file query-v1.cif (mmCIF, C-alpha atoms and all ligand atoms)
data_model
#
loop_
_atom_site.label_atom_id
_atom_site.label_comp_id
_atom_site.auth_asym_id
_atom_site.auth_seq_id
_atom_site.Cartn_x
_atom_site.Cartn_y
_atom_site.Cartn_z
CA MET L 1 0.00 0.00 0.00
CA SER L 2 1.43 3.40 -0.90
CA ALA L 3 1.96 6.11 1.69
CA ARG L 4 -0.89 8.38 2.76
CA LEU L 5 -0.84 11.62 4.65
CA ARG L 6 -2.96 12.00 7.76
CA ILE L 7 -4.90 14.99 9.04
CA ALA L 8 -6.24 14.64 12.59
CA VAL L 9 -9.66 16.26 13.01
CA GLN L 10 -12.15 16.31 15.86
CA ARG L 11 -14.70 13.53 15.74
CA GLY L 12 -18.04 15.34 16.08
CA GLY L 13 -17.97 18.17 18.60
CA ARG L 14 -17.96 21.81 17.62
CA LEU L 15 -15.17 21.53 15.05
CA GLY L 16 -15.83 18.14 13.38
CA THR L 17 -18.36 19.16 10.74
CA LYS L 18 -16.57 22.41 9.88
CA SER L 19 -13.25 20.61 9.57
CA LEU L 20 -14.75 18.13 7.09
CA GLU L 21 -16.35 21.02 5.19
CA LEU L 22 -12.97 22.72 4.91
CA VAL L 23 -11.32 19.57 3.56
CA GLU L 24 -14.13 19.14 1.03
CA SER L 25 -14.09 22.81 -0.03
CA ALA L 26 -10.40 22.29 -0.75
CA GLY L 27 -11.46 19.72 -3.36
CA PHE L 28 -10.70 16.56 -1.38
CA ARG L 29 -13.58 14.06 -1.59
CA VAL L 30 -14.07 12.46 1.81
CA MET L 31 -15.53 8.94 1.89
CA ARG L 32 -17.47 8.46 5.10
CA GLY L 33 -17.24 4.71 5.50
CA ALA L 34 -18.07 2.24 8.21
CA ASN L 35 -14.76 3.02 9.93
CA ASP L 36 -15.42 6.24 11.79
CA LEU L 37 -11.87 6.56 13.11
CA LEU L 38 -10.30 6.89 9.66
CA TYR L 39 -11.98 8.53 6.65
CA ARG L 40 -10.33 8.14 3.24
CA VAL L 41 -10.00 10.93 0.73
CA GLU L 42 -10.71 9.25 -2.59
CA ASN L 43 -8.96 11.66 -4.95
CA ALA L 44 -5.71 12.25 -3.00
CA PRO L 45 -3.42 10.15 -0.77
CA ILE L 46 -4.91 11.61 2.41
CA ASP L 47 -6.74 10.07 5.38
CA LEU L 48 -8.61 11.89 8.10
CA LEU L 49 -8.04 10.62 11.60
CA CYS L 50 -11.18 11.43 13.61
CA VAL L 51 -10.38 11.69 17.32
CA ARG L 52 -11.05 13.71 20.50
CA ASP L 53 -9.79 17.25 20.10
CA ASP L 54 -7.56 16.98 23.19
CA ASP L 55 -5.59 14.15 21.55
CA ILE L 56 -4.91 15.99 18.29
CA PRO L 57 -1.73 17.87 19.34
CA THR L 58 -0.19 14.69 20.73
CA PHE L 59 -0.98 12.70 17.60
CA VAL L 60 0.59 15.38 15.43
CA GLU L 61 3.63 15.77 17.65
CA ASP L 62 4.21 12.00 17.68
CA GLY L 63 3.89 11.80 13.90
CA VAL L 64 0.75 9.62 14.04
CA ALA L 65 -0.81 12.44 11.99
CA ASP L 66 1.00 14.96 9.79
CA PHE L 67 -1.48 17.79 10.29
CA GLY L 68 -4.20 18.57 12.79
CA ILE L 69 -7.17 20.91 13.01
CA VAL L 70 -7.75 22.04 16.57
CA GLY L 71 -8.81 25.03 18.65
CA ARG L 72 -5.90 27.34 19.45
CA ASN L 73 -7.04 27.11 23.09
CA VAL L 74 -6.22 23.39 23.15
CA LEU L 75 -2.76 24.05 21.72
CA GLU L 76 -2.14 26.87 24.18
CA GLU L 77 -3.22 24.79 27.18
CA ARG L 78 -0.98 21.90 26.28
CA GLY L 79 2.06 23.97 25.34
CA VAL L 80 3.05 24.24 21.70
CA GLY L 81 6.01 21.84 22.01
CA GLY L 82 7.24 20.63 18.62
CA LEU L 83 4.15 21.92 16.84
CA THR L 84 3.71 24.78 14.41
CA GLU L 85 0.51 26.76 13.87
CA VAL L 86 0.39 26.90 10.07
CA MET L 87 -2.64 29.17 9.73
CA PRO L 88 -5.87 30.25 11.41
CA LEU L 89 -8.88 28.71 9.69
CA GLY L 90 -11.63 31.24 10.38
CA PHE L 91 -14.11 28.95 12.16
CA GLY L 92 -14.67 27.75 15.75
CA ARG L 93 -14.16 31.29 16.99
CA CYS L 94 -14.56 31.78 20.73
CA ASP L 95 -12.97 33.72 23.58
CA MET L 96 -11.59 32.39 26.82
CA LYS L 97 -13.13 34.70 29.39
CA ILE L 98 -13.11 35.35 33.09
CA ALA L 99 -16.67 35.49 34.39
CA VAL L 100 -18.04 36.37 37.82
CA PRO L 101 -21.54 36.25 39.36
CA ALA L 102 -23.63 39.22 38.20
CA GLY L 103 -23.22 42.12 40.63
CA ARG L 104 -19.72 41.19 41.77
CA ALA L 105 -17.31 44.10 41.31
CA TYR L 106 -14.46 43.66 38.83
CA SER L 107 -11.82 46.23 37.94
CA GLY L 108 -9.13 44.21 36.20
CA ALA L 109 -7.25 41.00 37.02
CA GLU L 110 -6.33 42.57 40.38
CA SER L 111 -9.91 41.84 41.52
CA LEU L 112 -9.17 38.10 41.27
CA ARG L 113 -6.52 38.17 43.99
CA GLY L 114 -7.13 35.44 46.57
CA LEU L 115 -10.25 34.12 44.82
CA ARG L 116 -10.97 30.56 43.78
CA ILE L 117 -11.35 30.36 39.98
CA ALA L 118 -12.80 27.24 38.33
CA THR L 119 -11.60 26.25 34.85
CA THR L 120 -10.84 23.39 32.49
CA TYR L 121 -7.81 25.39 31.28
CA PRO L 122 -5.57 25.60 34.39
CA ARG L 123 -2.30 26.22 32.55
CA THR L 124 -3.65 29.00 30.36
CA LEU L 125 -5.34 30.62 33.35
CA SER L 126 -2.20 30.30 35.44
CA ARG L 127 -0.16 32.09 32.76
CA PHE L 128 -2.81 34.84 32.59
CA LEU L 129 -2.62 35.34 36.36
CA GLU L 130 1.17 35.28 36.30
CA ARG L 131 1.30 37.95 33.58
CA ALA L 132 -1.01 40.09 35.71
CA GLY L 133 1.05 39.41 38.84
CA VAL L 134 -2.02 38.13 40.68
CA GLU L 135 -2.16 35.16 43.04
CA ALA L 136 -5.39 33.17 43.06
CA GLU L 137 -6.41 29.58 43.57
CA ILE L 138 -7.16 27.59 40.43
CA VAL L 139 -9.86 24.92 40.77
CA SER L 140 -9.32 22.50 37.93
CA MET L 141 -12.50 20.86 36.60
CA ARG L 142 -13.28 18.51 33.70
CA GLY L 143 -16.43 20.36 32.60
CA ALA L 144 -19.57 22.21 33.75
CA VAL L 145 -17.38 25.01 35.06
CA GLU L 146 -20.28 27.46 34.91
CA VAL L 147 -22.05 25.83 37.86
CA ALA L 148 -19.02 26.15 40.16
CA PRO L 149 -19.96 29.56 41.62
CA ARG L 150 -23.51 28.41 42.43
CA LEU L 151 -22.08 25.34 44.19
CA LYS L 152 -19.73 27.65 46.13
CA LEU L 153 -16.78 25.80 44.63
CA ALA L 154 -15.38 29.04 43.24
CA GLN L 155 -16.06 32.78 43.11
CA ALA L 156 -15.09 33.16 39.45
CA ILE L 157 -14.64 30.99 36.38
CA CYS L 158 -12.42 30.97 33.31
CA ASP L 159 -14.11 29.35 30.31
CA LEU L 160 -14.70 29.47 26.55
CA VAL L 161 -17.52 31.73 25.47
CA SER L 162 -18.98 32.29 22.03
CA THR L 163 -22.49 33.72 22.51
CA GLY L 164 -22.52 34.20 26.27
CA ALA L 165 -25.88 32.40 26.60
CA THR L 166 -24.47 29.75 28.97
CA LEU L 167 -22.98 32.41 31.24
CA GLU L 168 -26.21 34.35 31.33
CA ALA L 169 -28.25 31.22 32.10
CA ASN L 170 -26.02 30.71 35.13
CA GLY L 171 -26.15 34.28 36.40
CA LEU L 172 -22.57 35.04 35.35
CA VAL L 173 -21.07 38.02 33.54
CA ALA L 174 -17.91 37.99 31.42
CA VAL L 175 -15.47 40.59 32.75
CA ASP L 176 -12.11 39.89 31.08
CA THR L 177 -10.57 38.11 28.08
CA VAL L 178 -7.78 35.59 28.66
CA MET L 179 -7.31 34.66 25.00
CA ARG L 180 -9.06 34.63 21.64
CA SER L 181 -9.35 31.34 19.88
CA GLU L 182 -10.36 29.80 16.57
CA ALA L 183 -9.60 26.55 14.77
CA VAL L 184 -6.03 26.43 13.47
CA LEU L 185 -4.09 24.10 11.21
CA ILE L 186 -1.09 22.62 13.00
CA ARG L 187 1.78 20.48 11.79
CA GLY L 188 4.63 18.63 13.42
CA ALA L 189 8.34 18.94 12.87
CA ARG L 190 8.38 16.85 9.71
CA ILE L 191 6.14 15.03 7.25
CA ALA L 192 6.65 11.32 7.98
CA ASP L 193 7.05 10.34 4.32
CA ALA L 194 9.17 12.53 2.00
CA GLU L 195 7.12 11.34 -1.00
CA LEU L 196 4.15 13.15 0.51
CA ALA L 197 5.79 16.58 0.79
CA HIS L 198 3.96 17.84 -2.31
CA VAL L 199 0.63 16.59 -0.92
CA ALA L 200 1.34 18.48 2.29
CA GLU L 201 2.15 21.60 0.27
CA SER L 202 -1.08 21.30 -1.69
CA ILE L 203 -3.12 20.94 1.52
CA VAL L 204 -1.62 24.16 2.90
CA GLN L 205 -2.10 26.07 -0.38
CA ARG L 206 -5.68 24.93 -0.84
CA PHE L 207 -6.67 25.58 2.78
CA ARG L 208 -5.21 29.07 2.43
CA GLY L 209 -7.31 29.55 -0.69
CA VAL L 210 -10.50 28.40 1.04
CA ALA L 211 -9.82 30.51 4.15
CA ALA L 212 -9.04 33.56 1.98
CA SER L 213 -12.12 33.22 -0.22
CA GLN L 214 -14.46 32.94 2.80
CA GLY L 215 -16.44 36.15 2.82
CA ALA L 216 -14.45 37.54 -0.11
CA LYS L 217 -16.45 38.93 -3.03
CA TYR L 218 -15.74 40.07 -6.57
CA VAL L 219 -17.28 43.51 -7.06
CA MET L 220 -17.90 45.19 -10.43
CA MET L 221 -19.46 48.55 -11.26
CA ASN L 222 -19.40 51.49 -13.62
CA ALA L 223 -18.26 54.78 -12.18
CA PRO L 224 -17.36 58.33 -13.15
CA LYS L 225 -13.57 58.67 -13.45
CA ALA L 226 -13.69 61.53 -10.97
CA SER L 227 -15.05 59.28 -8.18
CA LEU L 228 -12.29 56.65 -8.42
CA PRO L 229 -10.38 57.75 -5.30
CA GLU L 230 -13.59 57.80 -3.26
CA ILE L 231 -14.71 54.42 -4.60
CA SER L 232 -11.34 52.80 -3.83
CA ARG L 233 -11.70 54.08 -0.28
CA ILE L 234 -15.19 52.58 0.14
CA LEU L 235 -14.37 49.09 -1.20
CA PRO L 236 -13.68 46.99 1.94
CA GLY L 237 -10.37 45.13 2.02
CA ALA L 238 -9.62 45.57 -1.67
CA GLY L 239 -6.20 46.16 -3.17
CA ALA L 240 -5.89 48.53 -6.13
CA PRO L 241 -8.98 47.93 -8.31
CA THR L 242 -8.81 47.09 -12.01
CA VAL L 243 -10.06 50.04 -14.06
CA THR L 244 -11.04 49.59 -17.73
CA PRO L 245 -12.50 52.03 -20.27
CA LEU L 246 -16.16 51.91 -21.31
CA ALA L 247 -16.86 51.96 -25.05
CA GLY L 248 -18.19 55.33 -26.20
CA ASN L 249 -17.95 57.01 -22.78
CA ASP L 250 -14.83 58.98 -21.89
CA ASP L 251 -15.98 60.13 -18.46
CA ALA L 252 -16.84 56.73 -16.98
CA VAL L 253 -14.90 53.52 -16.37
CA ALA L 254 -15.59 49.95 -15.27
CA VAL L 255 -14.14 49.12 -11.86
CA HIS L 256 -13.43 45.54 -10.74
CA ALA L 257 -12.08 44.58 -7.32
CA VAL L 258 -11.70 41.61 -5.00
CA CYS L 259 -13.01 42.59 -1.57
CA GLN L 260 -11.55 40.50 1.27
CA GLU L 261 -14.09 41.73 3.78
CA SER L 262 -17.86 41.45 3.83
CA VAL L 263 -19.71 43.69 1.38
CA PHE L 264 -22.82 45.00 3.12
CA TRP L 265 -25.83 46.87 1.73
CA GLU L 266 -24.34 49.97 3.37
CA THR L 267 -21.25 49.53 1.21
CA LEU L 268 -23.38 49.41 -1.95
CA GLU L 269 -25.32 52.50 -0.87
CA ALA L 270 -22.07 54.37 -0.29
CA LEU L 271 -20.82 53.31 -3.74
CA ARG L 272 -24.08 54.51 -5.31
CA ALA L 273 -23.79 57.81 -3.50
CA ALA L 274 -20.26 58.16 -4.90
CA GLY L 275 -21.71 57.87 -8.41
CA ALA L 276 -21.32 54.15 -9.15
CA SER L 277 -23.99 52.33 -11.16
CA ALA L 278 -24.65 48.77 -12.36
CA ILE L 279 -22.97 47.40 -9.21
CA LEU L 280 -22.56 43.61 -9.17
CA VAL L 281 -21.32 41.54 -6.23
CA LEU L 282 -20.24 38.01 -7.16
CA PRO L 283 -19.18 35.10 -4.94
CA ILE L 284 -15.63 33.82 -5.30
CA GLU L 285 -15.38 30.07 -5.42
CA LYS L 286 -11.63 29.62 -5.33
CA MET L 287 -8.70 31.95 -4.83
CA MET L 288 -4.96 31.32 -4.78
P1 LIG F 301 -14.05 16.19 22.60
O1 LIG F 301 -15.10 15.17 22.83
O2 LIG F 301 -13.48 16.09 21.21
O3 LIG F 301 -12.99 16.24 23.68
P2 LIG F 301 -14.86 18.80 23.65
O4 LIG F 301 -16.12 18.71 24.41
O5 LIG F 301 -13.56 18.94 24.37
O6 LIG F 301 -14.84 17.59 22.60
P3 LIG F 301 -16.05 20.90 22.01
O7 LIG F 301 -17.00 21.42 23.01
O8 LIG F 301 -16.58 20.18 20.83
O9 LIG F 301 -14.88 20.05 22.68
O10 LIG F 301 -15.18 22.15 21.52
C1 LIG F 301 -14.14 21.98 20.60
C2 LIG F 301 -13.51 23.34 20.35
O11 LIG F 301 -14.47 24.22 19.80
C3 LIG F 301 -13.00 24.09 21.57
O12 LIG F 301 -11.74 23.62 21.98
C4 LIG F 301 -12.94 25.51 21.05
O13 LIG F 301 -11.73 25.74 20.33
C5 LIG F 301 -14.10 25.57 20.05
N1 LIG F 301 -15.26 26.36 20.51
C6 LIG F 301 -15.93 27.29 19.80
N2 LIG F 301 -16.92 27.85 20.49
C7 LIG F 301 -16.92 27.28 21.69
C8 LIG F 301 -17.73 27.42 22.87
N3 LIG F 301 -18.72 28.29 22.95
N4 LIG F 301 -17.45 26.62 23.92
C9 LIG F 301 -16.47 25.71 23.86
N5 LIG F 301 -15.68 25.55 22.78
C10 LIG F 301 -15.88 26.32 21.71
ZN ZN F 302 -12.01 17.86 24.30
#
call {"tool": "encode", "arguments": {"input": "query-v1.cif", "output": "structure tokens"}}
result
Amino acid sequence: MSARLRIAVQRGGRLGTKSLELVESAGFRVMRGANDLLYRVENAPIDLLCVRDDDIPTFVEDGVADFGIVGRNVLEERGVGGLTEVMPLGFGRCDMKIAVPAGRAYSGAESLRGLRIATTYPRTLSRFLERAGVEAEIVSMRGAVEVAPRLKLAQAICDLVSTGATLEANGLVAVDTVMRSEAVLIRGARIADAELAHVAESIVQRFRGVAASQGAKYVMMNAPKASLPEISRILPGAGAPTVTPLAGNDDAVAVHAVCQESVFWETLEALRAAGASAILVLPIEKMM
């Protein structure tokens, strides 16, 4: 059997589906077979190793997998070791926050001095406290951290938050940010099989392309020449636009640009106000 490259992804959980979507958007066809530990990619020598997110860094560091997709928070908690963060992937965004019962005063990390703080991320929290020069007691839990204050186990918690609904349901308020996280692509020190180096390269290039084209739009319009500076300013996250002449009209031009950031209705209204007409916003499928 010829060599295959392995990407470790979370089985289920908050990142599993998105990780598979990323791999498929990169043009790799994933066969979901009976074996739910290892999925084969049918059009490239790649397998997906589906495991618990906490195990992903270890698998990549030990060379059991060549790449991994995991929350930056998991990487941070474990210590980066021999791993490299290749790129952020733009999904699984969340913040690690300090939260306290509603009504409790908080004026910076100083307010945590001497308190008991419950968390599933003791090492990350401990570094946060150290940086702030604050001594507090860390209560390490495996989960359900948000109930700790009600059970009088702790006076504060440190946990991942995306919408804040869980905090609110437990009478807690987020008061500080320990770190920002999202899913990242990690790799170990070396690709196990030299033959697979070009496959590894293509994974990185294609993932970059998918991440870059997320939210990016191709925008076209006609505009008076005089409004070009203003229009370039309005286009969100665009480099220098392409400007081409319009047949039979010396005062107007066609403007084309790739916008890296979201194009909202407000953007279109501003372009209209600057004199643009026939504005088209097109999705970008692939970008390299
Ligand atoms: P596993 O069974 O694989 O160990 P888990 O319960 O540890 O799963 P999940 O809850 O699925 O993990 O979260 C996986 C990752 O999703 C987190 O490490 C984090 O990077 C990201 N994430 C995004 N939003 C949130 C959130 N609101 N709460 C927790 N994690 C979040
Ligand atoms: Zn986990």
call {"tool": "residues_near_ligand", "arguments": {"input": "query-v1.cif", "ligand": "ligand LIG 301 (chain F)", "cutoff": "7 Å", "atoms": "all atoms listed in the file", "output": "ChimeraX atom specification"}}
result
/L:10-15,51-54,70-74,92-94,160-163,181-183
call {"tool": "residues_near_point", "arguments": {"input": "query-v1.cif", "point": "(-1.4, 34.8, 38.0)", "cutoff": "12 Å", "atoms": "only C-alpha atoms", "output": "PyMOL selection string"}}
result
chain L and resi 109-117+122-138+178
call {"tool": "atom_distance", "arguments": {"input": "query-v1.cif", "atom1": "CA of Val281 (chain L)", "atom2": "CA of Val219 (chain L)"}}
result
4.6 Å
call {"tool": "residues_around", "arguments": {"input": "query-v1.cif", "residues": "Arg142 (chain L)", "least_positions_apart": "4", "cutoff": "10 Å", "atoms": "only C-alpha atoms", "output": "MDAnalysis selection string"}}
result
chainID L and resid 118:121
call {"tool": "atom_distance", "arguments": {"input": "query-v1.cif", "atom1": "CA of Glu42 (chain L)", "atom2": "CA of Arg29 (chain L)"}}
result
5.7 Å
call {"tool": "residues_around", "arguments": {"input": "query-v1.cif", "residues": "Leu196 (chain L)", "least_positions_apart": "5", "cutoff": "9 Å", "atoms": "all atoms listed in the file", "output": "ChimeraX atom specification"}}
result
/L:3-5,45,191,201
call {"tool": "closest_residue", "arguments": {"input": "query-v1.cif", "among": "L:Leu75, L:Ser2, L:Ala169, L:Leu20", "to": "ligand ZN 302 (chain F)", "atoms": "all atoms listed in the file"}}
result
L:Leu75
call {"tool": "atom_distance", "arguments": {"input": "query-v1.cif", "atom1": "CA of Ile46 (chain L)", "atom2": "CA of Ile7 (chain L)"}}
result
7.4 Å
call {"tool": "closest_residue", "arguments": {"input": "query-v1.cif", "among": "L:Val30, L:Ala65, L:Ile56, L:Leu48", "to": "ligand ZN 302 (chain F)", "atoms": "only C-alpha atoms and all ligand atoms"}}
result
L:Ile56
call {"tool": "closest_residue", "arguments": {"input": "query-v1.cif", "among": "L:Ser232, L:Asn222, L:Gln260, L:Asn249", "to": "Ile279 (chain L)", "atoms": "all atoms listed in the file"}}
result
L:Asn222
call {"tool": "closest_residue", "arguments": {"input": "query-v1.cif", "among": "L:Asp36, L:Glu85, L:Glu24, L:Glu77", "to": "Gly188 (chain L)", "atoms": "all atoms listed in the file"}}
result
L:Glu85
call {"tool": "closest_residue", "arguments": {"input": "query-v1.cif", "among": "L:Gly108, L:Pro241, L:Pro101, L:Gly143", "to": "ligand ZN 302 (chain F)", "atoms": "only C-alpha atoms and all ligand atoms"}}
result
L:Gly143
call {"tool": "closest_residue", "arguments": {"input": "query-v1.cif", "among": "L:Leu228, L:Asp47, L:Arg78, L:Lys18", "to": "ligand ZN 302 (chain F)", "atoms": "all atoms listed in the file"}}
result
L:Arg78
call {"tool": "residues_around", "arguments": {"input": "query-v1.cif", "residues": "Ala212 (chain L)", "least_positions_apart": "2", "cutoff": "9 Å", "atoms": "all atoms listed in the file", "output": "ChimeraX atom specification"}}
result
/L:207-210,214-216,260,286-288
call {"tool": "residues_around", "arguments": {"input": "query-v1.cif", "residues": "Ser277 (chain L)", "least_positions_apart": "2", "cutoff": "9 Å", "atoms": "all atoms listed in the file", "output": "list in words"}}
result
Met221, Asn222, Ala223, Leu271, Arg272, Gly275 and Ile279 of chain L
call {"tool": "axis_aligned_box", "arguments": {"input": "query-v1.cif", "around": "region 5-8 of chain L", "padding_each_side": "8 Å", "output": "lines of an AutoDock Vina configuration file"}}
result
center_x = -3.5
center_y = 13.3
center_z = 8.6
size_x = 21.4
size_y = 19.4
size_z = 23.9
